[in-house]
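One structure is given below, encoded as structure tokens.
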Amino acid sequence: MGTYSLNPRALSAQARGGAAPASSQAGIGLRARHHREILQRRPPLGWLEAHSENYFAQGGPQRDILLQIREHYALSLHGVGLSIGSTDPLDRTHLCELARLIRDFDPMLVSEHLSWSSAGGRFLNDLLPLPYTEEALTHLVARVREVQETLTRQILIENVSSYLQFNASTLTEWDFIAALAQESGCGILLDVNNIYVSAMNHGFDPHTYLNAIPRDSVQEIHLAGHTLNRVGSREIRIDTHGSQVSEPVWALYRTALRRFGHVPTLIEWDTDIPALDVLVAEAAKADLIAEAARAVAA
Amino acid sequence: MLSLRELQLSFTTAVLDGSSTAISPWIRADGLSPTARVNIYRNNFHEGFLKALALGFPVIQRLVGEDYFRQLGRLFVAEHPSRAGNLHHIGCAFAGFLRDQFAATPYSYLPEIAELEWAYQECLIAADAVPLDLTPLQSVAPERLADLRFEVHPACRMVSSEFPIVRIFCVNQEDRDGTELIDLRQGGDHVLLRRKNDAVELHRLPAAEFALLRSLSRGATLGDALEIAQAVSSEFDLAKTLRHLVELGVFTAVQTT
């Protein structure tokens, strides 16, 4: 394993050095049902983001087609299963698969979630919330460092939506993720929809969250749709990734752009996946908002 | 104060086993009971798992119907929770689970279909390799033939069954209406699955050819595998069979030691 700097800026340069940088255009999450159409039509998208685990194959059509797509688009790898926040040992097999994928696809960004998904060897394959304690922070810093050292590159950590809070928490989520970035050298993938969903579910001001995140730590932004559900007497927003981005989330995106400047932005859609054109249109809408934000800033 | 470890173990128990007694005191109620909050995660977990399971076993889902498939899936995950951060492996034990569920019932063909679907999924993500052609075989001295050992292509699987699984599988593909009647007593299949040009092909092999290939895939020498094949059929034609298997791209290497 080579030596490498834990200085976030040096890592950032290293992370982006190997691949084409994202264009100023927004990207979309790459889903299998759009593989062929993307290759045939090559829609005007800044980049594509693949869920890493979907391509944990030794060979075969999924991997082949991703290699073909990679010839035409910049790619980022977004992990949903590493369980970086778990107290089980890191799964070395999983990490090796990820390292192989990074070697083969040369992604511009690699990200994981501020969550855990397994305990005692049993996996829930979901993005589960952490208690925001000093113990959890120390654990996460060590885990992120271990992953970055194994992959010899910086990773981004994304905030998740949550439907509960642990009463052991002594830190806010925004202070927790800011400290994690500072202490581990990871970047932040800011999911604006997730901030909004959690803010509504737990009653905090999403602007407080944005304002607590260091300006230079955000390297990617996610946008997605969510649903409003009634559970008992309460309204709970659930991060379903199954609809268009909601108006309040677009508004929060505008605020985020003012704070963080231009950041590669991605539209995610995972359930009831619509026609490719719907996703391309959402990405174009993000582009328009980003252009307007740049015009105001100039 | 609950440690991070204890919290995660209790939460996992609540989601997987449905008992939120241990985790509830550590969750803020905030207008909604801790159990109701855990249930949001429990529901997300089941939906995610069932969706992934259905992707791997579309024929089983079609045969038993969506509602019953969900019931089976929930029973299955309670016994065989996911053991990895990617969902490729969750179906590994499904055929065995169905075997226990449907042993000695009129539905004992279901585990055989599940085995075929699992083999199909495994083929889809197996490694690529260059198949062997006939050239290296033609230069082997006749007296050395019996000592040959073959390496089988990683994107090959073999399944044999008591019921006509290939027909059931084909009739229940998405583009078929599935109304065709199949006589379950028509007998079983010896199936070779082989991924070629990005698609998995199903080949029904004669029993003796299947027996030869299965022996070779388990490391037997050609001589030993031939004995097994001849025990299945006295008219077994080795030269023709080897040519056929090579044409199907089943082997990647041959060792003459």
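Following the order of the structure tokens, chains are lettered A, B, ..., residues in each are numbered from 1, and ligands are numbered from 1.
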Discussion item. I need the contact residues of chain B against chain A, so if you could list those with any atom within 9 Å, counting only C-alpha atoms, and return them as a ChimeraX atom specification, that would help.
Written reply: /B:1-5,7-12,15-16,25-32,34,36-38,40-41,44-46,48-49,81-88,123-129,155,195,197-199
Output N, CA and C atoms of each residue in that selection to a file, as a compact mmCIF listing (two decimals), in the first residue's frame.
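selection-v2.txt written:
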```txt
# COMPACT_ATOMS: atom_id res chain seq x y z
N MET B 1 -25.42 3.87 29.62
CA MET B 1 -25.33 4.28 28.22
C MET B 1 -25.02 3.07 27.34
N LEU B 2 -25.80 2.95 26.28
CA LEU B 2 -25.63 1.83 25.35
C LEU B 2 -24.41 2.12 24.45
N SER B 3 -23.55 1.12 24.28
CA SER B 3 -22.42 1.33 23.36
C SER B 3 -22.92 1.29 21.92
N LEU B 4 -22.11 1.80 21.00
CA LEU B 4 -22.47 1.77 19.58
C LEU B 4 -22.72 0.32 19.14
N ARG B 5 -21.88 -0.58 19.63
CA ARG B 5 -22.01 -2.00 19.30
C ARG B 5 -23.37 -2.56 19.76
N LEU B 7 -26.03 -0.91 20.52
CA LEU B 7 -27.12 -0.24 19.81
C LEU B 7 -27.37 -0.91 18.45
N GLN B 8 -26.28 -1.19 17.75
CA GLN B 8 -26.44 -1.78 16.41
C GLN B 8 -26.98 -3.21 16.49
N LEU B 9 -26.52 -3.97 17.47
CA LEU B 9 -27.04 -5.34 17.62
C LEU B 9 -28.53 -5.32 17.98
N SER B 10 -28.92 -4.42 18.88
CA SER B 10 -30.34 -4.34 19.29
C SER B 10 -31.21 -3.87 18.13
N PHE B 11 -30.70 -2.93 17.36
CA PHE B 11 -31.47 -2.41 16.22
C PHE B 11 -31.66 -3.50 15.16
N THR B 12 -30.60 -4.27 14.93
CA THR B 12 -30.66 -5.36 13.95
C THR B 12 -31.69 -6.41 14.38
N VAL B 15 -35.17 -5.06 13.67
CA VAL B 15 -35.57 -5.06 12.26
C VAL B 15 -35.75 -6.50 11.75
N LEU B 16 -34.79 -7.37 12.07
CA LEU B 16 -34.83 -8.73 11.51
C LEU B 16 -35.79 -9.64 12.25
N PRO B 25 -36.05 1.94 24.26
CA PRO B 25 -35.71 3.00 25.23
C PRO B 25 -34.67 3.99 24.71
N TRP B 26 -33.95 3.63 23.66
CA TRP B 26 -32.85 4.47 23.16
C TRP B 26 -33.26 5.33 21.98
N ILE B 27 -34.54 5.27 21.62
CA ILE B 27 -35.03 6.05 20.48
C ILE B 27 -35.96 7.15 20.97
N ARG B 28 -35.75 8.37 20.47
CA ARG B 28 -36.62 9.50 20.84
C ARG B 28 -38.02 9.28 20.28
N ALA B 29 -39.02 9.39 21.12
CA ALA B 29 -40.39 9.18 20.66
C ALA B 29 -40.82 10.33 19.75
N ASP B 30 -40.76 11.56 20.22
CA ASP B 30 -40.98 12.74 19.38
C ASP B 30 -42.25 12.63 18.53
N GLY B 31 -43.37 12.35 19.19
CA GLY B 31 -44.65 12.34 18.48
C GLY B 31 -45.00 11.03 17.82
N LEU B 32 -44.09 10.06 17.85
CA LEU B 32 -44.33 8.77 17.22
C LEU B 32 -43.57 7.72 18.03
N PRO B 34 -41.33 4.72 19.42
CA PRO B 34 -40.10 4.10 18.89
C PRO B 34 -40.40 2.87 18.05
N ALA B 36 -43.04 2.28 16.20
CA ALA B 36 -43.53 2.72 14.89
C ALA B 36 -42.36 3.22 14.03
N ARG B 37 -41.40 3.88 14.66
CA ARG B 37 -40.23 4.37 13.92
C ARG B 37 -39.38 3.20 13.41
N VAL B 38 -39.15 2.22 14.30
CA VAL B 38 -38.38 1.04 13.88
C VAL B 38 -39.10 0.33 12.74
N ILE B 40 -40.75 1.56 10.34
CA ILE B 40 -40.47 2.18 9.04
C ILE B 40 -39.23 1.50 8.43
N TYR B 41 -38.22 1.29 9.28
CA TYR B 41 -37.00 0.63 8.79
C TYR B 41 -37.26 -0.84 8.48
N ASN B 44 -38.97 -0.92 5.15
CA ASN B 44 -37.99 -0.65 4.08
C ASN B 44 -37.10 -1.85 3.83
N PHE B 45 -36.68 -2.47 4.93
CA PHE B 45 -35.80 -3.63 4.83
C PHE B 45 -36.48 -4.76 4.06
N HIS B 46 -37.73 -5.08 4.45
CA HIS B 46 -38.44 -6.17 3.78
C HIS B 46 -38.69 -5.85 2.31
N GLY B 48 -36.98 -3.91 0.32
CA GLY B 48 -35.71 -3.99 -0.42
C GLY B 48 -35.31 -5.44 -0.67
N PHE B 49 -35.45 -6.25 0.38
CA PHE B 49 -35.05 -7.66 0.26
C PHE B 49 -35.95 -8.40 -0.73
N PRO B 81 -30.77 -14.53 6.68
CA PRO B 81 -30.53 -13.10 6.43
C PRO B 81 -29.32 -12.90 5.51
N SER B 82 -29.31 -11.75 4.85
CA SER B 82 -28.18 -11.41 3.98
C SER B 82 -26.89 -11.40 4.78
N ARG B 83 -25.83 -11.89 4.19
CA ARG B 83 -24.54 -11.93 4.88
C ARG B 83 -23.51 -11.05 4.21
N ALA B 84 -23.95 -10.20 3.29
CA ALA B 84 -22.99 -9.33 2.59
C ALA B 84 -23.64 -8.00 2.25
N GLY B 85 -22.78 -7.04 1.96
CA GLY B 85 -23.25 -5.70 1.64
C GLY B 85 -23.78 -5.57 0.23
N ASN B 86 -23.59 -6.59 -0.59
CA ASN B 86 -24.26 -6.55 -1.89
C ASN B 86 -25.26 -7.70 -1.93
N LEU B 87 -26.27 -7.54 -2.73
CA LEU B 87 -27.41 -8.46 -2.68
C LEU B 87 -27.29 -9.64 -3.65
N HIS B 88 -26.12 -9.77 -4.29
CA HIS B 88 -25.97 -10.86 -5.27
C HIS B 88 -26.10 -12.24 -4.64
N CYS B 123 -24.44 -17.57 -13.47
CA CYS B 123 -23.81 -17.50 -14.79
C CYS B 123 -23.68 -16.05 -15.25
N LEU B 124 -24.71 -15.27 -14.97
CA LEU B 124 -24.72 -13.88 -15.45
C LEU B 124 -23.56 -13.05 -14.92
N ILE B 125 -23.11 -13.34 -13.70
CA ILE B 125 -22.05 -12.50 -13.12
C ILE B 125 -20.72 -13.22 -12.99
N ALA B 126 -20.64 -14.44 -13.55
CA ALA B 126 -19.38 -15.20 -13.46
C ALA B 126 -18.31 -14.56 -14.35
N ALA B 127 -17.08 -14.95 -14.12
CA ALA B 127 -15.95 -14.37 -14.86
C ALA B 127 -15.99 -14.74 -16.33
N ASP B 128 -15.38 -13.89 -17.14
CA ASP B 128 -15.21 -14.19 -18.55
C ASP B 128 -13.96 -15.05 -18.71
N ALA B 129 -13.91 -15.88 -19.73
CA ALA B 129 -12.71 -16.66 -20.02
C ALA B 129 -12.78 -17.10 -21.48
N ALA B 155 -18.39 -19.46 -16.41
CA ALA B 155 -19.79 -19.08 -16.66
C ALA B 155 -20.61 -20.29 -17.12
N ARG B 195 -23.15 -19.02 -20.23
CA ARG B 195 -23.30 -17.64 -20.72
C ARG B 195 -22.48 -17.46 -21.98
N ASN B 197 -22.13 -14.57 -25.36
CA ASN B 197 -22.55 -13.29 -25.92
C ASN B 197 -23.54 -12.58 -25.00
N ASP B 198 -23.22 -12.50 -23.74
CA ASP B 198 -24.01 -11.75 -22.76
C ASP B 198 -25.36 -12.36 -22.42
N ALA B 199 -25.68 -13.55 -22.98
CA ALA B 199 -26.95 -14.17 -22.62
C ALA B 199 -26.66 -15.57 -22.09
```
Discussion item. Need the shell around Arg237 (chain A): protein/DNA/RNA residues with any atom at most 7 Å away, counting only C-alpha atoms. Skip same-chain ones fewer than 5 positions apart. Format as a ChimeraX atom specification?
Written reply: /A:197,201,226-229
Worksheet item: From the set A:Tyr196, A:Tyr73, A:Phe176, A:Trp269, which residue has the shortest atom-to-atom contact distance to Gly242 (chain A), counting only C-alpha atoms?
Response: A:Trp269
Fill in: For Val130 (chain B), the nearest of the candidates B:Met158, B:Ala229, B:Val152, B:Ala103, counting only C-alpha atoms
B:Val152
As a short mmCIF file (atom, residue, chain, number, x, y, z; two decimals) with N, CA, C and O atoms, in the first residue's frame, please: all residues of region 122-263 of chain A that backbone DSSP puts in alpha helix (DSSP H).
```cif
data_model
loop_
_atom_site.label_atom_id
_atom_site.label_comp_id
_atom_site.auth_asym_id
_atom_site.auth_seq_id
_atom_site.Cartn_x
_atom_site.Cartn_y
_atom_site.Cartn_z
N GLU A 134 -19.53 11.01 20.55
CA GLU A 134 -18.07 11.04 20.39
C GLU A 134 -17.55 9.64 20.05
O GLU A 134 -16.65 9.49 19.24
N GLU A 135 -18.16 8.62 20.66
CA GLU A 135 -17.75 7.24 20.39
C GLU A 135 -17.93 6.92 18.91
O GLU A 135 -17.05 6.36 18.25
N ALA A 136 -19.12 7.28 18.37
CA ALA A 136 -19.40 6.98 16.97
C ALA A 136 -18.49 7.79 16.05
O ALA A 136 -18.02 7.28 15.03
N LEU A 137 -18.19 9.03 16.43
CA LEU A 137 -17.31 9.86 15.61
C LEU A 137 -15.91 9.26 15.52
O LEU A 137 -15.34 9.12 14.44
N THR A 138 -15.39 8.86 16.68
CA THR A 138 -14.06 8.25 16.71
C THR A 138 -14.03 7.00 15.83
O THR A 138 -13.09 6.77 15.06
N HIS A 139 -15.10 6.21 15.93
CA HIS A 139 -15.20 4.98 15.14
C HIS A 139 -15.24 5.30 13.64
O HIS A 139 -14.53 4.70 12.84
N LEU A 140 -16.07 6.26 13.28
CA LEU A 140 -16.23 6.60 11.86
C LEU A 140 -14.94 7.17 11.27
O LEU A 140 -14.57 6.85 10.13
N VAL A 141 -14.26 8.00 12.05
CA VAL A 141 -13.00 8.59 11.55
C VAL A 141 -12.01 7.46 11.24
O VAL A 141 -11.39 7.43 10.17
N ALA A 142 -11.91 6.49 12.16
CA ALA A 142 -10.98 5.38 11.94
C ALA A 142 -11.39 4.55 10.73
O ALA A 142 -10.55 4.13 9.93
N ARG A 143 -12.68 4.32 10.59
CA ARG A 143 -13.17 3.49 9.47
C ARG A 143 -12.95 4.19 8.13
O ARG A 143 -12.54 3.55 7.15
N VAL A 144 -13.26 5.48 8.07
CA VAL A 144 -13.08 6.21 6.81
C VAL A 144 -11.60 6.21 6.44
O VAL A 144 -11.24 5.99 5.28
N ARG A 145 -10.74 6.42 7.45
CA ARG A 145 -9.29 6.39 7.17
C ARG A 145 -8.88 5.04 6.63
O ARG A 145 -8.10 4.95 5.69
N GLU A 146 -9.39 3.98 7.25
CA GLU A 146 -9.02 2.62 6.82
C GLU A 146 -9.44 2.40 5.36
O GLU A 146 -8.69 1.84 4.57
N VAL A 147 -10.63 2.85 5.03
CA VAL A 147 -11.11 2.67 3.65
C VAL A 147 -10.26 3.50 2.68
O VAL A 147 -9.83 3.01 1.63
N GLN A 148 -9.98 4.74 3.07
CA GLN A 148 -9.19 5.60 2.18
C GLN A 148 -7.79 5.05 1.99
O GLN A 148 -7.21 5.13 0.91
N GLU A 149 -7.22 4.48 3.06
CA GLU A 149 -5.88 3.92 2.95
C GLU A 149 -5.89 2.69 2.06
O GLU A 149 -4.98 2.48 1.26
N THR A 150 -6.93 1.87 2.19
CA THR A 150 -7.01 0.66 1.36
C THR A 150 -7.20 1.02 -0.11
O THR A 150 -6.59 0.42 -0.99
N LEU A 151 -8.04 2.02 -0.34
CA LEU A 151 -8.33 2.39 -1.74
C LEU A 151 -7.30 3.38 -2.28
O LEU A 151 -7.33 3.70 -3.47
N GLU A 173 -26.22 16.20 13.61
CA GLU A 173 -25.71 15.48 12.44
C GLU A 173 -24.74 16.36 11.65
O GLU A 173 -23.72 15.89 11.15
N TRP A 174 -25.06 17.68 11.55
CA TRP A 174 -24.20 18.56 10.76
C TRP A 174 -22.83 18.74 11.40
O TRP A 174 -21.82 18.75 10.71
N ASP A 175 -22.79 18.83 12.74
CA ASP A 175 -21.48 18.94 13.40
C ASP A 175 -20.72 17.62 13.28
O ASP A 175 -19.49 17.61 13.13
N PHE A 176 -21.46 16.53 13.31
CA PHE A 176 -20.84 15.20 13.21
C PHE A 176 -20.17 15.02 11.85
O PHE A 176 -19.00 14.65 11.76
N ILE A 177 -20.90 15.31 10.78
CA ILE A 177 -20.34 15.06 9.44
C ILE A 177 -19.22 16.07 9.13
O ILE A 177 -18.22 15.72 8.49
N ALA A 178 -19.36 17.30 9.64
CA ALA A 178 -18.30 18.29 9.43
C ALA A 178 -17.02 17.83 10.14
O ALA A 178 -15.92 17.90 9.57
N ALA A 179 -17.17 17.33 11.36
CA ALA A 179 -16.00 16.86 12.11
C ALA A 179 -15.39 15.63 11.45
O ALA A 179 -14.16 15.48 11.37
N LEU A 180 -16.25 14.76 10.94
CA LEU A 180 -15.76 13.56 10.26
C LEU A 180 -14.90 13.94 9.05
O LEU A 180 -13.82 13.38 8.82
N ALA A 181 -15.38 14.91 8.27
CA ALA A 181 -14.64 15.35 7.09
C ALA A 181 -13.30 15.94 7.50
O ALA A 181 -12.25 15.64 6.91
N GLN A 182 -13.34 16.76 8.53
CA GLN A 182 -12.12 17.42 8.97
C GLN A 182 -11.10 16.41 9.49
O GLN A 182 -9.91 16.49 9.17
N GLU A 183 -11.57 15.46 10.29
CA GLU A 183 -10.62 14.56 10.97
C GLU A 183 -10.18 13.39 10.10
O GLU A 183 -9.10 12.84 10.31
N SER A 184 -10.99 12.97 9.15
CA SER A 184 -10.62 11.81 8.34
C SER A 184 -10.08 12.22 6.98
O SER A 184 -9.45 11.42 6.28
N VAL A 192 -29.13 17.03 -0.67
CA VAL A 192 -29.99 18.14 -0.26
C VAL A 192 -31.39 17.62 0.07
O VAL A 192 -32.04 18.08 1.01
N ASN A 193 -31.84 16.62 -0.68
CA ASN A 193 -33.14 16.01 -0.38
C ASN A 193 -33.13 15.36 1.01
O ASN A 193 -34.07 15.50 1.78
N ASN A 194 -32.02 14.65 1.32
CA ASN A 194 -31.94 13.99 2.62
C ASN A 194 -31.95 15.00 3.77
O ASN A 194 -32.54 14.75 4.81
N ILE A 195 -31.26 16.13 3.55
CA ILE A 195 -31.28 17.18 4.59
C ILE A 195 -32.72 17.64 4.81
O ILE A 195 -33.19 17.74 5.94
N TYR A 196 -33.42 17.88 3.71
CA TYR A 196 -34.79 18.36 3.82
C TYR A 196 -35.69 17.33 4.51
O TYR A 196 -36.47 17.66 5.41
N VAL A 197 -35.58 16.07 4.07
CA VAL A 197 -36.40 14.99 4.66
C VAL A 197 -36.16 14.89 6.17
O VAL A 197 -37.11 14.89 6.97
N SER A 198 -34.89 14.85 6.56
CA SER A 198 -34.58 14.73 8.00
C SER A 198 -35.01 15.98 8.75
O SER A 198 -35.48 15.89 9.89
N ALA A 199 -34.84 17.15 8.13
CA ALA A 199 -35.23 18.41 8.79
C ALA A 199 -36.73 18.40 9.08
O ALA A 199 -37.17 18.78 10.18
N MET A 200 -37.53 17.97 8.11
CA MET A 200 -38.98 17.92 8.32
C MET A 200 -39.34 16.85 9.34
O MET A 200 -40.20 17.04 10.19
N ASN A 201 -38.66 15.69 9.27
CA ASN A 201 -38.98 14.60 10.20
C ASN A 201 -38.60 14.92 11.64
O ASN A 201 -39.24 14.45 12.58
N HIS A 202 -37.51 15.67 11.80
CA HIS A 202 -37.01 15.88 13.16
C HIS A 202 -37.15 17.32 13.63
O HIS A 202 -36.74 17.64 14.75
N PRO A 206 -33.28 23.33 7.87
CA PRO A 206 -32.25 22.80 6.96
C PRO A 206 -31.13 23.79 6.66
O PRO A 206 -30.00 23.39 6.35
N HIS A 207 -31.42 25.08 6.81
CA HIS A 207 -30.37 26.09 6.56
C HIS A 207 -29.28 26.04 7.62
O HIS A 207 -28.11 26.30 7.35
N THR A 208 -29.69 25.68 8.85
CA THR A 208 -28.69 25.52 9.92
C THR A 208 -27.69 24.44 9.52
O THR A 208 -26.48 24.57 9.74
N TYR A 209 -28.23 23.36 8.92
CA TYR A 209 -27.38 22.25 8.47
C TYR A 209 -26.40 22.75 7.41
O TYR A 209 -25.17 22.60 7.56
N LEU A 210 -26.93 23.39 6.36
CA LEU A 210 -26.07 23.86 5.27
C LEU A 210 -24.97 24.78 5.79
O LEU A 210 -23.80 24.67 5.40
N ASN A 211 -25.36 25.69 6.70
CA ASN A 211 -24.41 26.69 7.18
C ASN A 211 -23.30 26.10 8.05
O ASN A 211 -22.29 26.76 8.27
N ALA A 212 -23.51 24.88 8.54
CA ALA A 212 -22.51 24.27 9.41
C ALA A 212 -21.48 23.46 8.61
O ALA A 212 -20.48 23.01 9.16
N GLU A 247 -40.33 21.01 -4.83
CA GLU A 247 -40.01 22.45 -4.88
C GLU A 247 -39.16 22.92 -3.70
O GLU A 247 -38.18 23.64 -3.90
N PRO A 248 -39.52 22.52 -2.44
CA PRO A 248 -38.68 22.98 -1.33
C PRO A 248 -37.23 22.50 -1.45
O PRO A 248 -36.31 23.18 -1.00
N VAL A 249 -37.04 21.32 -2.07
CA VAL A 249 -35.67 20.79 -2.22
C VAL A 249 -34.92 21.58 -3.30
O VAL A 249 -33.73 21.89 -3.14
N TRP A 250 -35.62 21.97 -4.37
CA TRP A 250 -34.98 22.84 -5.38
C TRP A 250 -34.57 24.16 -4.72
O TRP A 250 -33.50 24.70 -4.99
N ALA A 251 -35.43 24.69 -3.85
CA ALA A 251 -35.12 25.96 -3.18
C ALA A 251 -33.88 25.81 -2.30
O ALA A 251 -32.99 26.68 -2.28
N LEU A 252 -33.81 24.67 -1.61
CA LEU A 252 -32.65 24.42 -0.75
C LEU A 252 -31.39 24.24 -1.59
O LEU A 252 -30.29 24.63 -1.19
N TYR A 253 -31.54 23.66 -2.78
CA TYR A 253 -30.43 23.50 -3.72
C TYR A 253 -29.87 24.87 -4.11
O TYR A 253 -28.65 25.08 -4.14
N ARG A 254 -30.78 25.81 -4.38
CA ARG A 254 -30.33 27.18 -4.73
C ARG A 254 -29.48 27.76 -3.60
O ARG A 254 -28.42 28.34 -3.83
N THR A 255 -29.96 27.55 -2.36
CA THR A 255 -29.21 28.05 -1.20
C THR A 255 -27.85 27.36 -1.11
O THR A 255 -26.83 28.00 -0.83
N ALA A 256 -27.85 26.06 -1.35
CA ALA A 256 -26.60 25.29 -1.25
C ALA A 256 -25.59 25.80 -2.28
O ALA A 256 -24.41 25.94 -1.99
N LEU A 257 -26.06 26.11 -3.51
CA LEU A 257 -25.15 26.58 -4.55
C LEU A 257 -24.52 27.92 -4.15
O LEU A 257 -23.35 28.18 -4.44
N ARG A 258 -25.33 28.76 -3.48
CA ARG A 258 -24.78 30.05 -3.03
C ARG A 258 -23.65 29.84 -2.03
O ARG A 258 -22.68 30.57 -2.03
N ARG A 259 -23.80 28.81 -1.20
CA ARG A 259 -22.77 28.59 -0.18
C ARG A 259 -21.57 27.83 -0.72
O ARG A 259 -20.43 28.13 -0.40
N PHE A 260 -21.84 26.81 -1.53
CA PHE A 260 -20.74 25.90 -1.91
C PHE A 260 -20.20 26.14 -3.32
O PHE A 260 -19.28 25.47 -3.75
#
```
Worksheet item: Which of these, A:Leu67, A:Ala74, A:Ala32, A:Ala293, has the shortest distance to His262 (chain A) once you count only C-alpha atoms?
Response: A:Ala293
Item to complete: Give the strand (DSSP E or B) residues of region 51-253 of chain B, as DSSP finds them on the backbone, and put them as number ranges by chain.
Response: B: 82, 149-152, 156-160, 190-196, 199-204, 251-253
Those same residues - N, CA, C and O atoms - I'd like them written as a CSV table (one decimal), in the first residue's frame.
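Dumped everything to again37.csv:
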```
chain,number,residue,atom,x,y,z
B,82,SER,N,-29.3,-11.8,4.8
B,82,SER,CA,-28.2,-11.4,4.0
B,82,SER,C,-26.9,-11.4,4.8
B,82,SER,O,-26.9,-11.0,5.9
B,149,ARG,N,-7.4,-34.0,-17.5
B,149,ARG,CA,-8.3,-33.3,-16.7
B,149,ARG,C,-8.7,-31.9,-17.3
B,149,ARG,O,-7.9,-31.3,-17.9
B,150,PHE,N,-10.0,-31.5,-17.2
B,150,PHE,CA,-10.5,-30.3,-17.8
B,150,PHE,C,-10.8,-29.3,-16.8
B,150,PHE,O,-11.3,-29.6,-15.8
B,151,GLU,N,-10.6,-28.0,-17.2
B,151,GLU,CA,-11.1,-26.9,-16.5
B,151,GLU,C,-12.4,-26.4,-17.1
B,151,GLU,O,-12.4,-26.1,-18.3
B,152,VAL,N,-13.5,-26.3,-16.3
B,152,VAL,CA,-14.8,-25.9,-16.9
B,152,VAL,C,-14.9,-24.4,-16.8
B,152,VAL,O,-14.4,-23.8,-15.9
B,156,CYS,N,-20.4,-21.5,-16.5
B,156,CYS,CA,-21.1,-22.7,-16.7
B,156,CYS,C,-21.7,-23.2,-15.4
B,156,CYS,O,-21.1,-23.1,-14.4
B,157,ARG,N,-22.9,-23.7,-15.5
B,157,ARG,CA,-23.5,-24.4,-14.3
B,157,ARG,C,-24.3,-25.6,-14.8
B,157,ARG,O,-24.7,-25.6,-15.9
B,158,MET,N,-24.4,-26.6,-13.9
B,158,MET,CA,-25.2,-27.8,-14.3
B,158,MET,C,-26.3,-28.0,-13.3
B,158,MET,O,-26.0,-28.0,-12.1
B,159,VAL,N,-27.4,-28.3,-13.8
B,159,VAL,CA,-28.6,-28.6,-12.9
B,159,VAL,C,-29.3,-29.9,-13.4
B,159,VAL,O,-29.6,-29.9,-14.6
B,160,SER,N,-29.6,-30.8,-12.6
B,160,SER,CA,-30.4,-31.9,-13.1
B,160,SER,C,-31.7,-32.0,-12.2
B,160,SER,O,-31.7,-31.6,-11.0
B,190,HIS,N,-31.5,-32.7,-17.7
B,190,HIS,CA,-30.1,-32.5,-17.4
B,190,HIS,C,-29.7,-31.2,-18.1
B,190,HIS,O,-29.5,-31.2,-19.3
B,191,VAL,N,-29.5,-30.1,-17.4
B,191,VAL,CA,-29.4,-28.8,-18.0
B,191,VAL,C,-27.9,-28.3,-17.8
B,191,VAL,O,-27.4,-28.3,-16.7
B,192,LEU,N,-27.4,-27.9,-18.9
B,192,LEU,CA,-26.1,-27.1,-18.9
B,192,LEU,C,-26.5,-25.7,-19.2
B,192,LEU,O,-27.1,-25.4,-20.2
B,193,LEU,N,-26.1,-24.8,-18.2
B,193,LEU,CA,-26.3,-23.3,-18.5
B,193,LEU,C,-24.9,-22.8,-18.8
B,193,LEU,O,-23.9,-23.1,-18.2
B,194,ARG,N,-24.9,-22.0,-19.9
B,194,ARG,CA,-23.6,-21.4,-20.3
B,194,ARG,C,-23.9,-20.0,-20.8
B,194,ARG,O,-24.7,-19.8,-21.7
B,195,ARG,N,-23.1,-19.0,-20.2
B,195,ARG,CA,-23.3,-17.6,-20.7
B,195,ARG,C,-22.5,-17.5,-22.0
B,195,ARG,O,-21.3,-17.8,-22.0
B,196,LYS,N,-23.1,-17.0,-23.0
B,196,LYS,CA,-22.5,-16.7,-24.3
B,196,LYS,C,-23.0,-15.4,-24.9
B,196,LYS,O,-24.2,-15.2,-24.9
B,199,ALA,N,-25.7,-13.5,-23.0
B,199,ALA,CA,-27.0,-14.2,-22.6
B,199,ALA,C,-26.7,-15.6,-22.1
B,199,ALA,O,-25.7,-16.2,-22.5
B,200,VAL,N,-27.5,-16.0,-21.2
B,200,VAL,CA,-27.3,-17.4,-20.6
B,200,VAL,C,-28.2,-18.3,-21.5
B,200,VAL,O,-29.4,-18.2,-21.6
B,201,GLU,N,-27.5,-19.3,-22.0
B,201,GLU,CA,-28.2,-20.4,-22.8
B,201,GLU,C,-28.4,-21.6,-22.0
B,201,GLU,O,-27.6,-21.9,-21.1
B,202,LEU,N,-29.6,-22.2,-22.2
B,202,LEU,CA,-29.9,-23.5,-21.5
B,202,LEU,C,-29.8,-24.6,-22.5
B,202,LEU,O,-30.5,-24.6,-23.6
B,203,HIS,N,-29.0,-25.6,-22.2
B,203,HIS,CA,-28.9,-26.8,-23.1
B,203,HIS,C,-29.3,-28.0,-22.4
B,203,HIS,O,-28.7,-28.3,-21.3
B,204,ARG,N,-30.2,-28.7,-22.9
B,204,ARG,CA,-30.6,-30.0,-22.3
B,204,ARG,C,-29.6,-31.1,-22.9
B,204,ARG,O,-29.5,-31.3,-24.1
B,251,PHE,N,-15.2,-25.8,-21.9
B,251,PHE,CA,-13.9,-25.9,-21.3
B,251,PHE,C,-13.0,-24.7,-21.5
B,251,PHE,O,-13.1,-24.0,-22.6
B,252,THR,N,-12.1,-24.4,-20.6
B,252,THR,CA,-11.1,-23.3,-20.8
B,252,THR,C,-9.7,-23.9,-20.8
B,252,THR,O,-8.8,-23.2,-21.3
B,253,ALA,N,-9.5,-25.1,-20.3
B,253,ALA,CA,-8.1,-25.6,-20.3
B,253,ALA,C,-8.1,-27.1,-20.1
B,253,ALA,O,-9.1,-27.7,-19.6
```
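Distances here use only C-alpha atoms; by that measure, the residue among B:Ile60, B:Leu212, B:Ile182, B:Leu53 closest to Ile90 (chain B) is B:Leu53.
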